[in-house]
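Below: structure-v8.csv (CSV, C-alpha atoms)
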```
chain,number,residue,atom,x,y,z
N,1,MET,CA,3.7,5.6,-18.0
N,2,SER,CA,7.5,6.0,-18.1
N,3,GLN,CA,7.9,9.5,-16.8
N,4,GLU,CA,9.1,10.3,-13.3
N,5,GLN,CA,8.3,13.2,-11.1
N,6,PRO,CA,10.6,16.1,-12.1
N,7,GLN,CA,12.9,17.4,-9.5
N,8,ARG,CA,13.7,21.1,-9.1
N,9,PRO,CA,17.3,22.1,-9.8
N,10,GLY,CA,19.3,22.3,-6.6
N,11,ALA,CA,22.2,24.5,-5.6
N,12,SER,CA,24.2,23.5,-8.7
N,13,GLN,CA,21.5,25.1,-10.8
N,14,GLU,CA,21.5,22.1,-13.1
N,15,PRO,CA,18.4,22.1,-15.4
N,16,ILE,CA,15.8,19.3,-15.4
N,17,LYS,CA,16.6,17.4,-18.5
N,18,TYR,CA,14.5,15.0,-20.6
N,19,GLY,CA,16.5,12.1,-19.3
N,20,ASP,CA,15.6,13.1,-15.7
N,21,VAL,CA,11.9,12.8,-16.4
N,22,PHE,CA,11.5,10.3,-19.3
N,23,ASN,CA,13.1,7.1,-20.3
N,24,VAL,CA,14.9,8.5,-23.3
N,25,THR,CA,18.4,8.2,-24.7
N,26,GLY,CA,21.0,10.0,-26.8
N,27,GLU,CA,21.1,13.7,-27.3
N,28,LEU,CA,17.6,14.3,-26.2
N,29,ALA,CA,18.3,12.9,-22.7
N,30,SER,CA,20.8,15.6,-22.0
N,31,LYS,CA,18.6,18.5,-23.2
N,32,PRO,CA,16.8,20.7,-20.7
N,33,ILE,CA,13.0,20.8,-20.9
N,34,GLY,CA,11.9,24.3,-21.9
N,35,PRO,CA,8.6,26.1,-22.2
N,36,LYS,CA,8.2,25.9,-26.0
N,37,ASP,CA,8.3,22.1,-26.0
N,38,ALA,CA,6.0,21.9,-23.0
N,39,ALA,CA,3.5,24.2,-24.8
N,40,ALA,CA,3.8,22.2,-28.0
N,41,MET,CA,3.0,18.9,-26.2
N,42,GLN,CA,0.0,20.5,-24.4
N,43,SER,CA,-1.3,21.7,-27.7
N,44,ALA,CA,-0.9,18.3,-29.2
N,45,GLU,CA,-2.7,16.6,-26.3
N,46,ASN,CA,-5.6,19.1,-26.5
N,47,LYS,CA,-5.9,18.5,-30.3
N,48,ILE,CA,-5.8,14.7,-30.2
N,49,LEU,CA,-7.3,13.9,-26.8
N,50,GLY,CA,-9.4,17.0,-26.2
N,51,GLU,CA,-7.7,17.7,-22.9
N,52,THR,CA,-4.4,17.7,-21.1
N,53,PRO,CA,-4.5,14.6,-18.9
N,54,LYS,CA,-3.3,14.8,-15.4
N,55,GLY,CA,0.0,12.8,-15.2
N,56,GLY,CA,0.5,13.0,-19.0
N,57,ALA,CA,3.6,14.0,-20.8
N,58,ALA,CA,2.5,17.6,-21.2
N,59,ALA,CA,1.9,18.0,-17.4
N,60,ALA,CA,5.3,16.5,-16.6
N,61,MET,CA,7.0,18.8,-19.2
N,62,GLN,CA,5.2,21.9,-17.9
N,63,SER,CA,6.2,21.2,-14.3
N,64,ALA,CA,9.9,20.8,-15.4
N,65,ALA,CA,9.9,23.8,-17.7
N,66,ILE,CA,8.4,26.0,-15.0
N,67,ALA,CA,11.0,24.9,-12.5
N,68,ASN,CA,13.8,25.4,-15.0
N,69,GLU,CA,12.6,28.9,-15.9
N,70,ARG,CA,12.2,29.9,-12.3
N,71,ALA,CA,15.8,28.7,-11.6
N,72,GLY,CA,17.0,30.8,-14.5
N,73,VAL,CA,18.5,27.8,-16.4
N,74,VAL,CA,16.3,28.2,-19.4
N,75,SER,CA,14.6,31.2,-20.9
N,76,HIS,CA,10.9,31.6,-21.8
N,77,ASN,CA,11.8,32.0,-25.4
N,78,GLN,CA,14.4,29.3,-25.5
N,79,ASP,CA,14.5,27.4,-28.8
N,80,ASP,CA,12.7,24.0,-28.7
N,81,VAL,CA,14.9,20.9,-28.6
N,82,ALA,CA,12.4,18.5,-30.2
N,83,GLY,CA,13.9,19.3,-33.6
N,84,ASP,CA,12.3,18.7,-36.9
N,85,GLN,CA,10.4,15.7,-35.6
N,86,GLY,CA,8.8,17.9,-32.9
N,87,VAL,CA,6.3,16.4,-30.5
N,88,ALA,CA,3.5,13.9,-31.3
N,89,VAL,CA,0.4,12.4,-29.7
N,90,ILE,CA,-0.9,9.3,-31.5
N,91,LYS,CA,-4.1,7.3,-31.0
N,92,SER,CA,-4.2,3.7,-32.3
N,93,ASP,CA,-6.3,0.6,-31.9
N,94,ALA,CA,-5.1,-2.0,-29.4
N,95,ASP,CA,-7.3,-5.1,-29.2
N,96,GLY,CA,-10.5,-3.1,-28.8
N,97,ASP,CA,-8.9,-0.4,-26.7
N,98,VAL,CA,-7.2,2.9,-27.7
N,99,MET,CA,-3.5,3.1,-27.3
N,100,ILE,CA,-2.2,6.6,-26.6
N,101,THR,CA,1.5,7.2,-27.5
N,102,GLU,CA,3.3,10.4,-26.8
N,103,ALA,CA,6.7,11.3,-28.3
N,104,VAL,CA,9.3,14.0,-28.3
N,105,ALA,CA,11.9,14.1,-31.2
N,106,GLY,CA,10.9,10.7,-32.2
N,107,GLN,CA,11.4,9.0,-28.8
N,108,ILE,CA,8.4,7.7,-26.8
N,109,VAL,CA,7.9,9.6,-23.5
N,110,GLY,CA,4.5,8.1,-22.6
N,111,GLN,CA,2.2,5.3,-23.6
N,112,TYR,CA,-1.0,4.1,-22.0
N,113,ARG,CA,-4.3,2.5,-23.1
N,114,GLN,CA,-8.0,3.1,-22.3
N,115,PRO,CA,-11.3,1.6,-23.5
N,116,ASP,CA,-12.5,2.7,-26.9
N,117,VAL,CA,-15.9,4.2,-26.8
N,118,SER,CA,-15.6,6.2,-30.1
N,119,ALA,CA,-17.7,3.8,-32.1
N,120,VAL,CA,-20.7,4.2,-29.8
N,121,THR,CA,-23.0,6.9,-31.3
N,122,THR,CA,-26.5,6.0,-30.0
N,123,PRO,CA,-28.1,9.1,-28.3
N,124,ALA,CA,-29.7,8.4,-24.9
N,125,MET,CA,-33.2,8.7,-26.1
N,126,LEU,CA,-32.7,6.0,-28.7
N,127,VAL,CA,-31.4,3.4,-26.3
N,128,ASP,CA,-33.7,0.4,-26.0
N,129,PRO,CA,-35.4,0.1,-22.6
N,130,GLY,CA,-33.8,-3.4,-22.2
N,131,SER,CA,-30.3,-2.0,-22.5
N,132,ILE,CA,-27.7,-2.1,-19.8
N,133,THR,CA,-28.0,0.6,-17.2
N,134,ILE,CA,-25.3,2.4,-15.3
N,135,GLY,CA,-26.2,0.6,-12.1
N,136,GLU,CA,-25.9,-2.8,-14.0
N,137,ALA,CA,-22.6,-1.8,-15.5
N,138,LEU,CA,-21.2,-0.9,-12.0
N,139,GLU,CA,-22.5,-4.3,-10.7
N,140,ALA,CA,-20.7,-6.0,-13.6
N,141,ALA,CA,-17.4,-4.3,-12.5
N,142,ALA,CA,-18.1,-5.6,-9.0
N,143,ILE,CA,-17.9,-9.1,-10.5
N,144,SER,CA,-15.2,-8.7,-13.1
N,145,ALA,CA,-12.8,-6.8,-10.8
N,146,ALA,CA,-14.3,-8.0,-7.5
N,147,ASP,CA,-11.1,-8.2,-5.4
N,148,LYS,CA,-9.6,-4.9,-6.6
N,149,PRO,CA,-9.1,-2.5,-3.6
N,150,ILE,CA,-10.8,0.8,-4.3
N,151,ASP,CA,-8.4,3.7,-4.9
N,152,GLN,CA,-8.9,7.3,-6.0
N,153,SER,CA,-9.2,6.5,-9.6
N,154,ASP,CA,-12.1,4.0,-8.9
N,155,ALA,CA,-13.8,6.5,-6.6
N,156,ALA,CA,-13.6,9.2,-9.3
N,157,ALA,CA,-15.0,6.9,-11.9
N,158,ILE,CA,-17.9,5.8,-9.6
N,159,GLN,CA,-18.6,9.4,-8.8
N,160,ALA,CA,-18.8,10.3,-12.5
N,161,ALA,CA,-21.1,7.3,-13.1
N,162,GLU,CA,-23.4,8.3,-10.3
N,163,MET,CA,-23.6,11.8,-11.6
N,164,ARG,CA,-24.4,10.6,-15.1
N,165,ALA,CA,-27.1,8.3,-13.7
N,166,THR,CA,-28.8,10.9,-11.5
N,167,GLY,CA,-28.2,13.9,-13.8
N,168,SER,CA,-26.9,15.8,-10.7
N,169,SER,CA,-23.7,17.7,-10.3
N,170,GLU,CA,-23.5,16.6,-6.7
N,171,ILE,CA,-22.9,13.2,-5.2
N,172,THR,CA,-25.8,11.6,-3.2
N,173,PRO,CA,-25.2,11.6,0.5
N,174,GLY,CA,-24.7,8.0,1.6
N,175,GLY,CA,-24.7,6.8,-2.0
N,176,ILE,CA,-22.2,4.7,-3.9
N,177,ALA,CA,-19.9,7.6,-4.8
N,178,SER,CA,-19.7,8.8,-1.2
N,179,GLU,CA,-19.1,5.2,0.0
N,180,ALA,CA,-16.4,4.7,-2.7
N,181,GLN,CA,-14.6,7.9,-1.7
N,182,SER,CA,-14.6,6.8,2.0
N,183,ALA,CA,-13.4,3.4,1.0
N,184,ALA,CA,-10.5,4.9,-1.1
N,185,THR,CA,-9.5,7.1,1.8
N,186,ARG,CA,-9.5,4.2,4.3
N,187,ASN,CA,-7.6,2.0,1.9
N,188,ALA,CA,-4.9,4.5,1.5
N,189,ARG,CA,-4.3,4.2,5.3
N,190,THR,CA,-4.7,0.4,5.4
N,191,GLN,CA,-1.5,-1.6,4.9
N,192,ARG,CA,-3.0,-5.1,4.9
N,193,PHE,CA,-4.4,-5.9,1.5
N,194,GLU,CA,-7.0,-8.2,3.0
N,195,ASP,CA,-8.4,-5.4,5.1
N,196,GLN,CA,-9.0,-3.1,2.2
N,197,ALA,CA,-12.4,-2.4,0.8
N,198,THR,CA,-12.9,-3.8,-2.8
N,199,LEU,CA,-15.1,-2.9,-5.8
N,200,SER,CA,-17.3,-5.8,-4.9
N,201,ASP,CA,-17.8,-4.4,-1.4
N,202,VAL,CA,-19.1,-1.1,-2.7
N,203,LEU,CA,-20.7,-1.9,-6.1
N,204,SER,CA,-22.5,-5.2,-5.6
N,205,ASP,CA,-25.8,-3.4,-5.0
N,206,ALA,CA,-25.2,-0.4,-7.2
N,207,THR,CA,-28.6,-0.5,-8.9
N,208,ALA,CA,-30.5,-0.4,-5.6
N,209,MET,CA,-28.2,2.4,-4.2
N,210,LEU,CA,-28.7,4.7,-7.2
N,211,PRO,CA,-31.7,7.1,-6.7
N,212,LYS,CA,-32.0,7.2,-10.5
N,213,ASP,CA,-30.6,5.1,-13.3
N,214,LYS,CA,-30.4,5.2,-17.0
N,215,ALA,CA,-29.1,3.2,-20.0
N,216,VAL,CA,-25.4,3.6,-20.6
N,217,THR,CA,-24.5,5.8,-23.6
N,218,ARG,CA,-21.3,6.7,-25.3
N,219,GLU,CA,-21.2,10.1,-23.4
N,220,ASP,CA,-21.7,8.3,-20.1
N,221,ALA,CA,-18.8,5.9,-20.8
N,222,GLU,CA,-16.5,8.7,-22.0
N,223,ARG,CA,-17.0,10.7,-18.8
N,224,VAL,CA,-16.4,7.7,-16.5
N,225,VAL,CA,-13.3,6.5,-18.5
N,226,ALA,CA,-11.9,10.1,-18.4
N,227,ALA,CA,-12.4,10.4,-14.7
N,228,GLU,CA,-10.7,7.1,-14.0
N,229,VAL,CA,-7.7,7.8,-16.3
N,230,ARG,CA,-7.2,11.4,-14.9
N,231,ASN,CA,-6.9,10.0,-11.4
N,232,ASN,CA,-4.7,7.0,-12.1
N,233,PRO,CA,-1.0,7.8,-12.0
N,234,GLY,CA,-0.5,5.2,-14.7
N,235,MET,CA,-3.0,7.0,-16.9
N,236,SER,CA,-5.0,3.8,-17.6
N,237,THR,CA,-8.2,2.1,-16.6
N,238,THR,CA,-8.4,-1.1,-14.6
N,239,PRO,CA,-9.1,-4.2,-16.8
N,240,GLY,CA,-12.7,-5.2,-16.0
N,241,GLY,CA,-13.1,-2.1,-13.8
N,242,VAL,CA,-15.6,0.7,-13.7
N,243,GLY,CA,-14.5,2.5,-16.9
N,244,ALA,CA,-14.1,-0.8,-18.8
N,245,ALA,CA,-17.5,-2.0,-17.7
N,246,MET,CA,-19.1,1.3,-18.8
N,247,ALA,CA,-17.4,1.2,-22.2
N,248,ALA,CA,-18.5,-2.4,-22.7
N,249,ALA,CA,-22.1,-1.6,-21.7
N,250,ALA,CA,-22.2,1.4,-24.1
N,251,LYS,CA,-21.0,-0.8,-27.0
N,252,ARG,CA,-23.6,-3.5,-26.1
N,253,ASN,CA,-26.3,-0.9,-26.0
N,254,GLN,CA,-25.2,0.4,-29.4
N,255,ASN,CA,-25.2,-3.0,-30.9
N,256,SER,CA,-28.7,-3.9,-29.5
N,257,THR,CA,-30.2,-1.0,-31.5
N,258,ILE,CA,-28.8,-2.1,-34.8
```
Entire entry expressed as structure tokens:
Amino acid sequence: MSQEQPQRPGASQEPIKYGDVFNVTGELASKPIGPKDAAAMQSAENKILGETPKGGAAAAMQSAAIANERAGVVSHNQDDVAGDQGVAVIKSDADGDVMITEAVAGQIVGQYRQPDVSAVTTPAMLVDPGSITIGEALEAAAISAADKPIDQSDAAAIQAAEMRATGSSEITPGGIASEAQSAATRNARTQRFEDQATLSDVLSDATAMLPKDKAVTREDAERVVAAEVRNNPGMSTTPGGVGAAMAAAAKRNQNSTI
């Protein structure tokens, strides 16, 4: 995404402006980010996406607005600067994925894509016994994104997948979620790319490591994709990664019942 981390005003008491946080131009770039616009973007994200994504436009705007208000450079009731065009969050199709575009006063402040699982409607009890399981979907990711070093977004997605497979709200000690989190932590401290643990290292035996397994449903895929996106600074999923593999499996399972 295009936004940068907002910086608190310094001794000069200059407000954080839209141009400081987003790649925007013209009059909007020089306007301070205030609480009303931040609240409007949060409302739009909740309405269209069902949540306020970590690292999304609303989160960046809220952080800047809070800093500005605390510094006394904007008021809580300051008029919005988005103008007649306001704020917008738009979902559109993009080659089988969903493209999320966020805008303020007609200028794009964020854009990212994620797998589309909205067309999958098969309840878990109607999935054919021969359908793809969560373990199999994870093993597919171990092949399609084999050499990708595991990071926090992968670990979060794997944890969500394990919980959906087991039906538990806790990770399995010594299981794939625990191993993935340990790998992500080690990788963050490992500089040499070739020394970092990959998806293949952790997920190649996912089916055997899961104490329970189940066929992938739309709800499973949505939870995993959401976990991966929330923990990715770029607000996206890895091509061929865990979220993408789960979304593909859910669609395959849906098609197999038609």
Identify which of the residues N:Gln114, N:Gln152, N:Thr172, N:Thr25 lies closest to Thr238 (chain N), counting all atoms listed in the file when measuring atom-to-atom distances.
N:Gln114
Residue neighbourhood Gln159 (chain N), 9 Å, all atoms listed in the file, exclusion window fewer than 5 positions, as a short mmCIF file (atom, residue, chain, number, x, y, z; two decimals) with C-alpha atoms, in the coordinates of the input:
```cif
data_model
loop_
_atom_site.label_atom_id
_atom_site.label_comp_id
_atom_site.auth_asym_id
_atom_site.auth_seq_id
_atom_site.Cartn_x
_atom_site.Cartn_y
_atom_site.Cartn_z
CA ASP N 154 -12.10 4.00 -8.90
CA ARG N 164 -24.40 10.60 -15.10
CA GLU N 170 -23.50 16.60 -6.70
CA ILE N 171 -22.90 13.20 -5.20
CA ILE N 176 -22.20 4.70 -3.90
CA ALA N 177 -19.90 7.60 -4.80
CA SER N 178 -19.70 8.80 -1.20
CA ALA N 180 -16.40 4.70 -2.70
CA GLN N 181 -14.60 7.90 -1.70
CA VAL N 224 -16.40 7.70 -16.50
CA ALA N 227 -12.40 10.40 -14.70
#
```
Name the residues in contact with Ala141 (chain N) at a cut-off of 9 Å, using all atoms listed in the file, excluding same-chain residues fewer than 5 positions from it; report them as a VMD selection string.
chain N and resid 136 146 199 to 200 203 to 204 240 to 246
Find the spatial neighbours of Leu28 (chain N), counting all atoms listed in the file, within a cut-off of 9 Å - ignore same-chain residues fewer than 2 positions away - and output them as a PyMOL selection string.
chain N and resi 17-19+24-26+30-32+81-82+104-105+107
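What separates CA of Ala161 (chain N) from CA of Arg230 (chain N) is a distance of 14.6 Å.
Of the listed residues N:Ile134, N:Ala206, N:Ala64, N:Ala59, the one whose atoms come nearest to Gly167 (chain N) is N:Ile134, with distances taken using all atoms listed in the file.
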So that I can check the surroundings of His76 (chain N), please list as a count of residues only every protein, DNA and RNA residue that reaches within 12 Å of it, counting only C-alpha atoms and ignoring chain neighbours fewer than 6 positions away.
14
Could you tell me, as a list in words, which residues have any atom at most 6 Å from (-9.4, 3.5, -14.4), counting all atoms listed in the file?
Ser153, Glu228, Val229, Ser236, Thr237, Thr238 and Gly243 of chain N
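Each of N:Thr198, N:Asn231, N:Thr52, N:Ser182 was compared to Ser144 (chain N) using all atoms listed in the file, and N:Thr198 turns out to be the nearest.
Here CA of Met41 (chain N) stands at a distance of 8.9 Å from CA of Gly86 (chain N).
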Please provide as a PDB file with C-alpha atoms, in the coordinates of the input all residues within 9 Å of Leu210 (chain N), with the sequence filter that same-chain residues fewer than 2 positions apart are discarded (counting only C-alpha atoms).
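Result went into result-v5.pdb, see below:
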```pdb
ATOM      1  CA  GLY N 135     -26.200   0.600 -12.100  1.00  0.00           C
ATOM      2  CA  GLU N 162     -23.400   8.300 -10.300  1.00  0.00           C
ATOM      3  CA  ALA N 165     -27.100   8.300 -13.700  1.00  0.00           C
ATOM      4  CA  THR N 166     -28.800  10.900 -11.500  1.00  0.00           C
ATOM      5  CA  THR N 172     -25.800  11.600  -3.200  1.00  0.00           C
ATOM      6  CA  GLY N 175     -24.700   6.800  -2.000  1.00  0.00           C
ATOM      7  CA  ILE N 176     -22.200   4.700  -3.900  1.00  0.00           C
ATOM      8  CA  ASP N 205     -25.800  -3.400  -5.000  1.00  0.00           C
ATOM      9  CA  ALA N 206     -25.200  -0.400  -7.200  1.00  0.00           C
ATOM     10  CA  THR N 207     -28.600  -0.500  -8.900  1.00  0.00           C
ATOM     11  CA  ALA N 208     -30.500  -0.400  -5.600  1.00  0.00           C
ATOM     12  CA  LYS N 212     -32.000   7.200 -10.500  1.00  0.00           C
ATOM     13  CA  ASP N 213     -30.600   5.100 -13.300  1.00  0.00           C
TER      14      ASP N 213
END
```
Two-atom distance - CA of Ile150 (chain N), CA of Ala137 (chain N) (Å):
16.5 Å
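Using only C-alpha atoms, the shortest contact distance between Thr217 (chain N) and any of N:Arg186, N:Lys148, N:Arg252, N:Arg192 is found at N:Arg252.
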